[in-house]
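Novice: Quick one: the structure is below, and I'll ask about it shortly.
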2 protein chains.
Amino acid sequence: MELATIAVIEDESIIAAAVAARLRREGFRVEVASDGPSGVDLCQRARPDLVVLDVMLPGFDGLEVCRRIQRERPVPVLMLTARDSETDMLVGLGIGADDYMTKPFSPRELVARVRALLRRVRKFPSPPDTTFRLGDLEVDPARRQVRRGDEVIHLTPIEFELLYTLAARPGVVFTREQLLSEVWGYREGFGGRTVDSHVGALRRKLGSDLLRTVHGVGYAVEAGGY
Amino acid sequence: MELATIAVIEDESIIAAAVAARLRREGFRVEVASDGPSGVDLCQRARPDLVVLDVMLPGFDGLEVCRRIQRERPVPVLMLTARDSETDMLVGLGIGADDYMTKPFSPRELVARVRALLRRVRKFPSPPDTTFRLGDLEVDPARRQVRRGDEVIHLTPIEFELLYTLAARPGVVFTREQLLSEVWGYREGFGGRTVDSHVGALRRKLGSDLLRTVHGVGYAVEAGGY
DNA sequence: GCCGATCTTCACAAAATCTCGACACCCTCT
DNA sequence: AGAGGGTGTCGAGATTTTGTGAAGATCGGC
(Lines give C-alpha, C1' and ligand atoms only; values in the text may rest on other atoms or scores of the structure.)
Protein backbone atom coordinates (compact mmCIF):
# COMPACT_ATOMS: atom_id res chain seq x y z
CA MET A 1 0.00 0.00 0.00
CA GLU A 2 1.39 3.33 -0.89
CA LEU A 3 1.70 6.33 1.35
CA ALA A 4 -1.23 7.91 3.03
CA THR A 5 -2.08 11.37 1.73
CA ILE A 6 -2.91 14.16 4.10
CA ALA A 7 -4.57 17.45 3.23
CA VAL A 8 -3.58 20.41 5.38
CA ILE A 9 -6.01 23.32 5.20
CA GLU A 10 -4.60 26.24 7.13
CA ASP A 11 -4.21 29.87 6.27
CA GLU A 12 -1.35 30.85 8.52
CA SER A 13 1.55 29.97 6.31
CA ILE A 14 4.05 29.49 9.06
CA ILE A 15 1.90 26.88 10.68
CA ALA A 16 0.98 25.28 7.40
CA ALA A 17 4.61 25.00 6.41
CA ALA A 18 5.66 23.56 9.70
CA VAL A 19 2.87 21.04 9.79
CA ALA A 20 3.45 20.00 6.20
CA ALA A 21 7.18 19.66 6.68
CA ARG A 22 6.72 17.63 9.76
CA LEU A 23 4.20 15.28 8.22
CA ARG A 24 6.33 14.79 5.13
CA ARG A 25 9.23 13.99 7.32
CA GLU A 26 7.16 11.30 8.95
CA GLY A 27 6.60 9.76 5.57
CA PHE A 28 3.21 11.09 4.53
CA ARG A 29 2.27 12.64 1.25
CA VAL A 30 1.02 16.14 2.01
CA GLU A 31 -1.04 18.66 0.08
CA VAL A 32 -1.76 22.14 1.37
CA ALA A 33 -4.56 24.66 0.84
CA SER A 34 -4.93 28.02 2.51
CA ASP A 35 -8.61 28.87 2.38
CA GLY A 36 -11.98 27.21 2.55
CA PRO A 37 -12.93 26.92 -1.09
CA SER A 38 -9.56 25.68 -2.27
CA GLY A 39 -9.53 23.31 0.65
CA VAL A 40 -12.72 21.69 -0.53
CA ASP A 41 -11.30 21.60 -4.02
CA LEU A 42 -8.17 19.98 -2.83
CA CYS A 43 -10.10 17.26 -1.07
CA GLN A 44 -12.09 16.45 -4.16
CA ARG A 45 -9.02 16.38 -6.31
CA ALA A 46 -6.48 14.67 -4.12
CA ARG A 47 -8.84 12.43 -2.14
CA PRO A 48 -6.71 12.55 0.99
CA ASP A 49 -6.85 9.84 3.60
CA LEU A 50 -7.02 12.41 6.35
CA VAL A 51 -7.59 16.14 6.64
CA VAL A 52 -5.92 18.55 9.04
CA LEU A 53 -8.21 21.52 9.18
CA ASP A 54 -8.00 24.95 10.77
CA VAL A 55 -11.29 26.25 12.14
CA MET A 56 -10.58 29.86 11.21
CA LEU A 57 -10.26 30.17 7.48
CA PRO A 58 -10.87 32.81 4.82
CA GLY A 59 -13.67 32.03 2.38
CA PHE A 60 -15.76 29.91 4.66
CA ASP A 61 -14.65 28.44 7.90
CA GLY A 62 -13.40 25.01 8.82
CA LEU A 63 -16.75 23.78 10.01
CA GLU A 64 -18.26 24.47 6.64
CA VAL A 65 -15.32 22.84 4.91
CA CYS A 66 -15.73 19.86 7.14
CA ARG A 67 -19.39 19.53 6.29
CA ARG A 68 -18.75 19.76 2.60
CA ILE A 69 -15.99 17.25 2.39
CA GLN A 70 -17.81 14.82 4.62
CA ARG A 71 -20.82 15.12 2.41
CA GLU A 72 -18.89 13.49 -0.39
CA ARG A 73 -17.24 10.68 1.42
CA PRO A 74 -16.18 9.90 4.97
CA VAL A 75 -12.67 10.97 5.80
CA PRO A 76 -11.12 11.48 9.21
CA VAL A 77 -10.69 15.13 10.14
CA LEU A 78 -8.33 16.58 12.71
CA MET A 79 -9.35 20.10 13.63
CA LEU A 80 -7.06 22.89 14.76
CA THR A 81 -8.67 25.50 16.97
CA ALA A 82 -7.31 28.67 18.46
CA ARG A 83 -9.12 28.98 21.74
CA ASP A 84 -10.76 26.63 24.13
CA SER A 85 -14.14 28.15 23.60
CA GLU A 86 -14.06 27.04 20.02
CA THR A 87 -13.14 23.64 21.21
CA ASP A 88 -16.28 23.40 23.25
CA MET A 89 -18.32 24.57 20.37
CA LEU A 90 -16.84 21.94 18.15
CA VAL A 91 -17.36 19.15 20.53
CA GLY A 92 -20.84 20.36 21.23
CA LEU A 93 -21.79 20.60 17.64
CA GLY A 94 -20.31 17.27 16.89
CA ILE A 95 -19.47 18.25 13.39
CA GLY A 96 -17.73 15.43 11.65
CA ALA A 97 -14.38 16.19 13.23
CA ASP A 98 -12.77 13.13 14.69
CA ASP A 99 -10.26 14.86 16.86
CA TYR A 100 -9.08 18.36 17.58
CA MET A 101 -6.10 20.21 18.96
CA THR A 102 -5.82 23.73 20.29
CA LYS A 103 -3.05 26.05 19.19
CA PRO A 104 -0.32 26.33 19.98
CA PHE A 105 0.16 22.60 19.66
CA SER A 106 3.26 20.50 19.63
CA PRO A 107 4.12 19.08 16.24
CA ARG A 108 4.91 15.79 17.86
CA GLU A 109 1.46 15.53 19.29
CA LEU A 110 -0.03 16.33 15.94
CA VAL A 111 1.82 13.47 14.37
CA ALA A 112 0.72 11.17 17.14
CA ARG A 113 -2.90 12.05 16.57
CA VAL A 114 -2.65 11.73 12.85
CA ARG A 115 -1.17 8.29 13.26
CA ALA A 116 -3.90 7.35 15.66
CA LEU A 117 -6.65 8.43 13.31
CA LEU A 118 -5.12 6.64 10.38
CA ARG A 119 -4.57 3.52 12.36
CA ARG A 120 -8.27 3.35 12.85
CA VAL A 121 -9.02 3.40 9.17
CA ARG A 122 -6.25 0.92 8.58
CA LYS A 123 -6.72 1.09 4.91
CA PHE A 124 -3.68 3.30 4.79
CA PRO A 125 -1.19 2.18 7.32
CA SER A 126 0.74 5.08 8.64
CA PRO A 127 4.43 4.95 7.84
CA PRO A 128 6.46 3.20 10.45
CA ASP A 129 8.33 5.00 13.16
CA THR A 130 11.57 3.30 12.32
CA THR A 131 14.91 3.83 13.91
CA PHE A 132 17.67 5.18 11.71
CA ARG A 133 21.39 5.68 11.86
CA LEU A 134 23.17 8.97 12.01
CA GLY A 135 26.87 8.39 11.86
CA ASP A 136 27.66 6.25 14.86
CA LEU A 137 24.36 7.09 16.46
CA GLU A 138 21.08 5.22 16.38
CA VAL A 139 17.97 7.36 16.58
CA ASP A 140 14.87 5.49 17.71
CA PRO A 141 11.69 7.57 17.60
CA ALA A 142 9.40 4.90 19.04
CA ARG A 143 11.52 4.59 22.14
CA ARG A 144 12.54 8.22 21.97
CA GLN A 145 16.10 7.18 22.46
CA VAL A 146 19.47 7.87 20.96
CA ARG A 147 22.13 5.23 21.33
CA ARG A 148 25.82 5.10 20.59
CA GLY A 149 26.63 1.42 20.64
CA ASP A 150 25.17 0.08 23.86
CA GLU A 151 25.14 3.38 25.60
CA VAL A 152 21.84 5.20 25.74
CA ILE A 153 22.30 8.93 25.53
CA HIS A 154 19.62 10.73 27.41
CA LEU A 155 18.06 13.63 25.54
CA THR A 156 15.36 15.97 26.81
CA PRO A 157 12.18 16.19 24.76
CA ILE A 158 13.21 19.29 22.89
CA GLU A 159 16.68 18.03 22.27
CA PHE A 160 15.29 14.89 20.77
CA GLU A 161 12.85 16.73 18.56
CA LEU A 162 15.50 19.12 17.40
CA LEU A 163 17.87 16.36 16.47
CA TYR A 164 15.11 14.41 14.81
CA THR A 165 14.07 17.41 12.76
CA LEU A 166 17.55 18.23 11.58
CA ALA A 167 18.47 14.62 10.98
CA ALA A 168 15.49 14.12 8.71
CA ARG A 169 17.28 16.06 6.02
CA PRO A 170 20.99 15.70 6.44
CA GLY A 171 22.98 18.57 5.06
CA VAL A 172 19.99 20.85 4.70
CA VAL A 173 20.28 24.10 6.59
CA PHE A 174 17.40 25.10 8.85
CA THR A 175 16.99 28.67 10.01
CA ARG A 176 16.26 29.29 13.66
CA GLU A 177 12.78 30.33 12.68
CA GLN A 178 12.13 27.14 10.81
CA LEU A 179 13.32 25.18 13.75
CA LEU A 180 11.18 27.15 16.13
CA SER A 181 8.10 26.47 14.12
CA GLU A 182 8.85 22.85 13.33
CA VAL A 183 10.09 21.79 16.69
CA TRP A 184 8.31 24.07 19.08
CA GLY A 185 5.20 24.76 17.11
CA TYR A 186 4.56 28.31 16.24
CA ARG A 187 4.32 30.70 19.15
CA GLU A 188 3.97 34.45 19.15
CA GLY A 189 7.11 36.45 19.86
CA PHE A 190 9.57 34.15 21.41
CA GLY A 191 12.88 32.80 20.49
CA GLY A 192 15.89 34.56 21.94
CA ARG A 193 18.81 32.23 22.21
CA THR A 194 16.67 29.21 22.80
CA VAL A 195 17.56 27.32 19.66
CA ASP A 196 21.25 28.03 20.17
CA SER A 197 21.12 26.75 23.70
CA HIS A 198 19.62 23.46 22.69
CA VAL A 199 22.02 23.04 19.82
CA GLY A 200 24.75 23.60 22.37
CA ALA A 201 23.28 20.94 24.59
CA LEU A 202 23.15 18.47 21.73
CA ARG A 203 26.76 19.09 20.86
CA ARG A 204 27.77 18.54 24.42
CA LYS A 205 25.94 15.23 24.53
CA LEU A 206 26.52 13.89 21.05
CA GLY A 207 29.84 15.39 20.09
CA SER A 208 30.64 18.72 18.55
CA ASP A 209 31.01 17.49 14.99
CA LEU A 210 27.47 16.41 14.40
CA LEU A 211 25.81 19.80 14.09
CA ARG A 212 27.23 22.33 11.69
CA THR A 213 26.68 26.04 12.14
CA VAL A 214 26.05 27.98 8.97
CA HIS A 215 26.98 31.48 9.89
CA GLY A 216 24.21 33.96 9.33
CA VAL A 217 21.74 31.26 8.39
CA GLY A 218 21.19 28.45 10.83
CA TYR A 219 22.12 24.85 11.52
CA ALA A 220 22.36 21.54 9.73
CA VAL A 221 23.49 18.02 10.54
CA GLU A 222 26.60 17.01 8.70
CA ALA A 223 25.62 15.14 5.58
CA GLY A 224 28.82 13.38 4.65
CA GLY A 225 30.70 11.24 7.11
CA TYR A 226 27.43 11.26 8.96
CA MET B 1 -6.43 -22.32 12.24
CA GLU B 2 -5.39 -18.83 11.58
CA LEU B 3 -6.45 -15.77 13.46
CA ALA B 4 -10.05 -14.84 13.82
CA THR B 5 -11.03 -11.68 11.99
CA ILE B 6 -13.20 -9.12 13.67
CA ALA B 7 -15.03 -6.27 11.99
CA VAL B 8 -15.51 -3.16 14.10
CA ILE B 9 -18.21 -0.83 12.82
CA GLU B 10 -18.22 2.32 14.87
CA ASP B 11 -18.27 5.95 13.88
CA GLU B 12 -16.73 7.53 16.94
CA SER B 13 -13.11 7.28 15.99
CA ILE B 14 -11.73 7.39 19.46
CA ILE B 15 -13.77 4.41 20.47
CA ALA B 16 -13.05 2.62 17.22
CA ALA B 17 -9.34 3.14 17.64
CA ALA B 18 -9.32 1.95 21.20
CA VAL B 19 -11.36 -1.13 20.44
CA ALA B 20 -9.32 -1.99 17.38
CA ALA B 21 -6.02 -1.50 19.13
CA ARG B 22 -7.13 -3.60 21.98
CA LEU B 23 -8.39 -6.46 19.87
CA ARG B 24 -5.27 -6.45 17.75
CA ARG B 25 -3.18 -6.60 20.80
CA GLU B 26 -5.12 -9.66 21.87
CA GLY B 27 -4.14 -11.29 18.64
CA PHE B 28 -7.15 -10.78 16.45
CA ARG B 29 -7.15 -9.49 12.95
CA VAL B 30 -9.26 -6.35 12.93
CA GLU B 31 -10.93 -4.34 10.20
CA VAL B 32 -12.73 -1.10 10.84
CA ALA B 33 -15.55 0.76 9.14
CA SER B 34 -17.14 3.98 10.30
CA ASP B 35 -20.60 4.02 8.80
CA GLY B 36 -23.39 1.68 7.90
CA PRO B 37 -22.85 1.18 4.19
CA SER B 38 -19.12 0.68 4.41
CA GLY B 39 -19.70 -1.62 7.34
CA VAL B 40 -21.84 -3.89 5.21
CA ASP B 41 -19.24 -3.68 2.49
CA LEU B 42 -16.54 -4.59 4.87
CA CYS B 43 -18.40 -7.64 6.04
CA GLN B 44 -18.92 -8.88 2.54
CA ARG B 45 -15.34 -8.29 1.64
CA ALA B 46 -13.50 -9.43 4.73
CA ARG B 47 -15.94 -12.10 5.91
CA PRO B 48 -15.18 -11.52 9.57
CA ASP B 49 -15.75 -14.18 12.17
CA LEU B 50 -17.41 -11.71 14.45
CA VAL B 51 -18.77 -8.18 14.21
CA VAL B 52 -18.60 -5.45 16.83
CA LEU B 53 -21.31 -3.03 15.88
CA ASP B 54 -22.37 0.37 17.12
CA VAL B 55 -26.11 0.97 17.13
CA MET B 56 -25.83 4.62 16.19
CA LEU B 57 -24.23 4.97 12.81
CA PRO B 58 -24.31 7.38 9.89
CA GLY B 59 -25.76 5.99 6.67
CA PHE B 60 -28.10 3.51 8.22
CA ASP B 61 -28.00 2.36 11.76
CA GLY B 62 -26.55 -0.69 13.38
CA LEU B 63 -29.78 -2.60 13.39
CA GLU B 64 -30.05 -2.28 9.68
CA VAL B 65 -26.42 -3.28 9.26
CA CYS B 66 -27.04 -6.24 11.44
CA ARG B 67 -30.00 -7.38 9.37
CA ARG B 68 -28.11 -7.06 6.14
CA ILE B 69 -25.02 -8.93 7.14
CA GLN B 70 -27.03 -11.67 8.78
CA ARG B 71 -29.00 -12.03 5.62
CA GLU B 72 -25.90 -13.22 3.85
CA ARG B 73 -24.51 -15.59 6.38
CA PRO B 74 -24.71 -16.11 10.09
CA VAL B 75 -22.06 -14.30 12.06
CA PRO B 76 -21.99 -13.44 15.74
CA VAL B 77 -22.65 -9.79 16.45
CA LEU B 78 -21.71 -7.85 19.56
CA MET B 79 -23.67 -4.61 19.75
CA LEU B 80 -22.53 -1.41 21.36
CA THR B 81 -25.27 0.85 22.64
CA ALA B 82 -25.17 4.25 24.24
CA ARG B 83 -28.08 4.19 26.62
CA ASP B 84 -29.91 1.55 28.49
CA SER B 85 -33.15 2.24 26.71
CA GLU B 86 -31.59 1.18 23.46
CA THR B 87 -30.50 -1.96 25.11
CA ASP B 88 -34.05 -2.84 25.93
CA MET B 89 -35.15 -2.09 22.47
CA LEU B 90 -32.51 -4.33 21.06
CA VAL B 91 -33.26 -7.21 23.26
CA GLY B 92 -36.93 -6.74 22.60
CA LEU B 93 -36.54 -6.73 18.89
CA GLY B 94 -34.32 -9.72 18.99
CA ILE B 95 -32.40 -8.64 16.00
CA GLY B 96 -29.60 -11.00 15.30
CA ALA B 97 -27.33 -9.54 17.93
CA ASP B 98 -25.77 -12.16 20.14
CA ASP B 99 -24.61 -9.93 22.89
CA TYR B 100 -24.50 -6.25 23.68
CA MET B 101 -22.63 -3.79 25.84
CA THR B 102 -23.53 -0.26 26.87
CA LYS B 103 -21.06 2.57 26.63
CA PRO B 104 -18.92 3.41 28.33
CA PHE B 105 -17.61 -0.10 28.57
CA SER B 106 -14.34 -1.53 29.70
CA PRO B 107 -12.10 -2.79 26.92
CA ARG B 108 -11.29 -5.79 28.99
CA GLU B 109 -14.90 -6.76 29.21
CA LEU B 110 -15.25 -6.31 25.50
CA VAL B 111 -12.41 -8.70 24.87
CA ALA B 112 -13.92 -11.17 27.28
CA ARG B 113 -17.23 -11.09 25.48
CA VAL B 114 -15.63 -11.38 22.10
CA ARG B 115 -13.75 -14.42 23.25
CA ALA B 116 -16.90 -15.86 24.71
CA LEU B 117 -18.86 -15.39 21.52
CA LEU B 118 -16.14 -16.90 19.42
CA ARG B 119 -15.88 -19.80 21.76
CA ARG B 120 -19.56 -20.34 21.43
CA VAL B 121 -19.34 -20.53 17.68
CA ARG B 122 -16.43 -22.82 18.16
CA LYS B 123 -15.33 -22.67 14.64
CA PHE B 124 -12.69 -20.12 15.37
CA PRO B 125 -10.75 -20.70 18.51
CA SER B 126 -9.68 -17.41 19.97
CA PRO B 127 -5.98 -16.70 19.86
CA PRO B 128 -4.02 -18.09 22.73
CA ASP B 129 -3.60 -16.09 25.84
CA THR B 130 -0.14 -17.27 26.60
CA THR B 131 1.86 -16.28 29.60
CA PHE B 132 5.10 -14.49 28.97
CA ARG B 133 8.13 -13.35 30.88
CA LEU B 134 9.03 -9.82 31.68
CA GLY B 135 12.39 -9.73 33.37
CA ASP B 136 11.98 -11.83 36.48
CA LEU B 137 8.22 -11.64 36.26
CA GLU B 138 5.77 -14.03 34.71
CA VAL B 139 2.69 -12.40 33.26
CA ASP B 140 -0.27 -14.71 32.82
CA PRO B 141 -3.13 -13.09 30.95
CA ALA B 142 -5.43 -16.08 31.24
CA ARG B 143 -5.30 -16.00 35.03
CA ARG B 144 -4.71 -12.27 35.07
CA GLN B 145 -1.82 -12.89 37.37
CA VAL B 146 1.74 -11.79 37.78
CA ARG B 147 4.25 -13.99 39.53
CA ARG B 148 7.79 -13.50 40.66
CA GLY B 149 9.08 -16.99 41.24
CA ASP B 150 6.48 -18.72 43.39
CA GLU B 151 5.07 -15.56 44.79
CA VAL B 152 1.88 -14.27 43.23
CA ILE B 153 1.81 -10.50 43.12
CA HIS B 154 -1.68 -9.25 43.42
CA LEU B 155 -2.58 -6.57 40.89
CA THR B 156 -5.89 -4.80 40.61
CA PRO B 157 -7.66 -5.07 37.24
CA ILE B 158 -6.45 -1.75 35.98
CA GLU B 159 -2.94 -2.32 37.15
CA PHE B 160 -2.85 -5.58 35.26
CA GLU B 161 -4.24 -4.05 32.11
CA LEU B 162 -1.79 -1.22 32.25
CA LEU B 163 1.14 -3.54 32.65
CA TYR B 164 -0.15 -5.85 29.96
CA THR B 165 -0.60 -3.00 27.52
CA LEU B 166 2.85 -1.60 28.08
CA ALA B 167 4.46 -5.01 28.07
CA ALA B 168 2.93 -5.84 24.70
CA ARG B 169 5.52 -3.58 23.11
CA PRO B 170 8.56 -3.45 25.32
CA GLY B 171 10.54 -0.28 25.06
CA VAL B 172 7.95 1.60 23.11
CA VAL B 173 6.75 4.79 24.73
CA PHE B 174 3.02 5.20 25.29
CA THR B 175 1.52 8.60 25.96
CA ARG B 176 -0.93 8.96 28.80
CA GLU B 177 -3.62 9.51 26.27
CA GLN B 178 -2.84 6.30 24.44
CA LEU B 179 -2.91 4.43 27.69
CA LEU B 180 -6.19 5.96 28.66
CA SER B 181 -7.76 4.92 25.45
CA GLU B 182 -6.27 1.44 25.32
CA VAL B 183 -6.60 0.50 28.93
CA TRP B 184 -9.60 2.44 30.08
CA GLY B 185 -11.48 2.80 26.87
CA TYR B 186 -12.66 6.16 25.87
CA ARG B 187 -14.57 8.33 28.29
CA GLU B 188 -15.42 11.98 27.88
CA GLY B 189 -13.08 14.45 29.51
CA PHE B 190 -11.25 12.58 32.13
CA GLY B 191 -7.73 11.66 32.79
CA GLY B 192 -5.86 13.93 35.12
CA ARG B 193 -3.26 12.08 37.04
CA THR B 194 -4.96 8.74 36.90
CA VAL B 195 -2.37 7.05 34.75
CA ASP B 196 0.40 8.35 36.93
CA SER B 197 -1.22 6.99 40.03
CA HIS B 198 -1.49 3.52 38.63
CA VAL B 199 2.03 3.60 37.32
CA GLY B 200 3.05 4.53 40.82
CA ALA B 201 1.13 1.56 42.20
CA LEU B 202 2.79 -0.80 39.75
CA ARG B 203 6.19 0.45 40.69
CA ARG B 204 5.44 -0.06 44.31
CA LYS B 205 4.39 -3.64 43.70
CA LEU B 206 6.78 -4.71 40.98
CA GLY B 207 9.84 -2.63 41.65
CA SER B 208 10.73 0.82 40.48
CA ASP B 209 12.95 -0.21 37.60
CA LEU B 210 10.37 -1.87 35.44
CA LEU B 211 8.55 1.19 34.19
CA ARG B 212 10.50 3.95 32.58
CA THR B 213 9.22 7.52 32.64
CA VAL B 214 9.89 9.43 29.47
CA HIS B 215 9.65 13.00 30.57
CA GLY B 216 7.22 15.03 28.53
CA VAL B 217 5.96 11.99 26.68
CA GLY B 218 4.76 9.06 28.70
CA TYR B 219 5.78 5.65 29.97
CA ALA B 220 7.38 2.47 28.66
CA VAL B 221 8.49 -0.85 30.10
CA GLU B 222 12.20 -1.30 30.05
CA ALA B 223 13.15 -3.30 27.01
CA GLY B 224 16.73 -4.28 27.68
CA GLY B 225 17.65 -6.25 30.76
CA TYR B 226 13.96 -6.97 30.93
C1' DG C 1 -27.36 -0.49 53.83
C1' DC C 2 -22.65 -1.58 55.28
C1' DC C 3 -17.99 -2.91 54.11
C1' DG C 4 -13.86 -3.67 51.63
C1' DA C 5 -11.48 -3.04 47.44
C1' DT C 6 -10.56 -0.03 43.83
C1' DC C 7 -10.48 4.00 41.22
C1' DT C 8 -10.13 9.05 40.55
C1' DT C 9 -8.81 13.42 41.86
C1' DC C 10 -6.29 16.77 44.44
C1' DA C 11 -2.53 19.19 46.58
C1' DC C 12 2.15 19.73 47.40
C1' DA C 13 6.95 18.61 46.93
C1' DA C 14 10.53 17.22 44.00
C1' DA C 15 12.63 16.86 39.49
C1' DA C 16 13.44 17.93 35.07
C1' DT C 17 13.46 21.05 31.61
C1' DC C 18 13.12 25.43 29.28
C1' DT C 19 14.01 30.32 28.40
C1' DC C 20 16.77 34.16 27.89
C1' DG C 21 20.16 37.51 28.95
C1' DA C 22 25.14 38.56 29.61
C1' DC C 23 29.55 38.33 27.94
C1' DA C 24 33.39 36.60 25.37
C1' DC C 25 34.67 34.99 21.12
C1' DC C 26 34.27 34.28 16.09
C1' DC C 27 33.19 35.29 11.40
C1' DT C 28 32.82 38.26 7.41
C1' DC C 29 33.25 42.36 5.08
C1' DT C 30 35.74 46.47 4.12
C1' DA D 1 43.31 45.22 11.22
C1' DG D 2 38.87 47.08 12.73
C1' DA D 3 33.93 47.22 12.89
C1' DG D 4 29.68 45.01 13.55
C1' DG D 5 26.82 41.57 13.96
C1' DG D 6 26.41 36.43 14.70
C1' DT D 7 27.42 32.54 17.81
C1' DG D 8 29.03 29.56 21.96
C1' DT D 9 28.33 29.12 26.59
C1' DC D 10 26.82 29.44 31.19
C1' DG D 11 23.67 29.90 34.75
C1' DA D 12 19.74 31.90 37.33
C1' DG D 13 15.00 31.83 37.54
C1' DA D 14 10.67 30.51 35.59
C1' DT D 15 7.91 26.82 34.01
C1' DT D 16 6.42 22.37 33.26
C1' DT D 17 6.13 17.69 34.40
C1' DT D 18 6.19 13.97 37.57
C1' DG D 19 6.05 11.36 42.21
C1' DT D 20 3.23 10.58 45.99
C1' DG D 21 0.06 10.17 49.76
C1' DA D 22 -4.43 10.90 51.23
C1' DA D 23 -9.23 12.10 50.65
C1' DG D 24 -13.44 11.24 48.40
C1' DA D 25 -16.12 8.73 45.09
C1' DT D 26 -17.55 4.22 43.14
C1' DC D 27 -18.60 -0.32 42.74
C1' DG D 28 -19.84 -4.90 44.07
C1' DG D 29 -20.77 -8.37 47.40
C1' DC D 30 -23.06 -9.68 51.57
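Scheme for the C-alpha coordinates: letters A, B, ... for chains in order shown; per-chain residue numbers from 1; ligand numbers from 1 in order shown.
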Residues of chain A near chain D: apply a cut-off of 10 Å, count only C-alpha atoms (C1' of nucleotides), and supply the list as a ChimeraX atom specification.

Specialist: /A:193,196-197,199-201,213,215-217

Novice: All C-alpha atoms, paired in order, least-squares superposition of chain A on chain B: what RMSD does that give?

Specialist: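 That comparison of chain B with chain A gives 0.8 Å.
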
Novice: Mind dumping a table of every chain C residue within 8 Å of chain B, with the nearest atom pair and its distance in Å to one decimal, using only C-alpha atoms (C1' of nucleotides), sorted by chain and rising number, as a tab-separated table?

Specialist:
residue	atom	partner	partner_atom	distance
C:DT6	C1'	B:Thr156	CA	7.4
C:DT8	C1'	B:Thr194	CA	6.3
C:DT9	C1'	B:Gly192	CA	7.4
C:DA16	C1'	B:His215	CA	7.7

Novice: Please produce a file of those selected residues containing N, CA and C atoms (P, O5', C5', C4', C3', O3' and C1' of nucleotides), as a CSV table (one decimal), in the first residue's frame.

Specialist:
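Written file, out35.csv:
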chain,number,residue,atom,x,y,z
C,6,DT,P,-8.3,-4.8,45.3
C,6,DT,O5',-8.8,-3.6,44.5
C,6,DT,C5',-10.1,-3.5,44.1
C,6,DT,C4',-10.4,-2.3,43.3
C,6,DT,C3',-9.3,-1.6,42.6
C,6,DT,O3',-9.6,-1.5,41.2
C,6,DT,C1',-10.6,0.0,43.8
C,8,DT,P,-10.4,5.0,37.1
C,8,DT,O5',-10.5,6.4,37.9
C,8,DT,C5',-11.7,6.9,38.2
C,8,DT,C4',-11.6,8.2,38.9
C,8,DT,C3',-10.7,9.3,38.2
C,8,DT,O3',-11.5,10.4,38.0
C,8,DT,C1',-10.1,9.0,40.5
C,9,DT,P,-10.8,11.7,37.3
C,9,DT,O5',-10.5,12.7,38.5
C,9,DT,C5',-11.4,12.7,39.6
C,9,DT,C4',-10.8,13.5,40.7
C,9,DT,C3',-10.0,14.7,40.3
C,9,DT,O3',-10.5,15.9,41.0
C,9,DT,C1',-8.8,13.4,41.9
C,16,DA,P,15.7,14.3,38.1
C,16,DA,O5',15.1,15.1,36.9
C,16,DA,C5',13.8,14.7,36.4
C,16,DA,C4',13.4,15.6,35.3
C,16,DA,C3',14.5,15.9,34.3
C,16,DA,O3',14.1,15.6,33.0
C,16,DA,C1',13.4,17.9,35.1

Novice: Up to 12 Å from chain A, what residues of chain B turn up? Count only C-alpha atoms and give them as a PyMOL selection string.

Specialist: chain B and resi 7-22+24+29-39+42+58-59+169-178+181-182+188-189+212-224

Novice: Just give me the gap between CA of Val114 (chain A) and CA of Cys43 (chain A) in Å, one decimal is fine.

Specialist: 16.7 Å
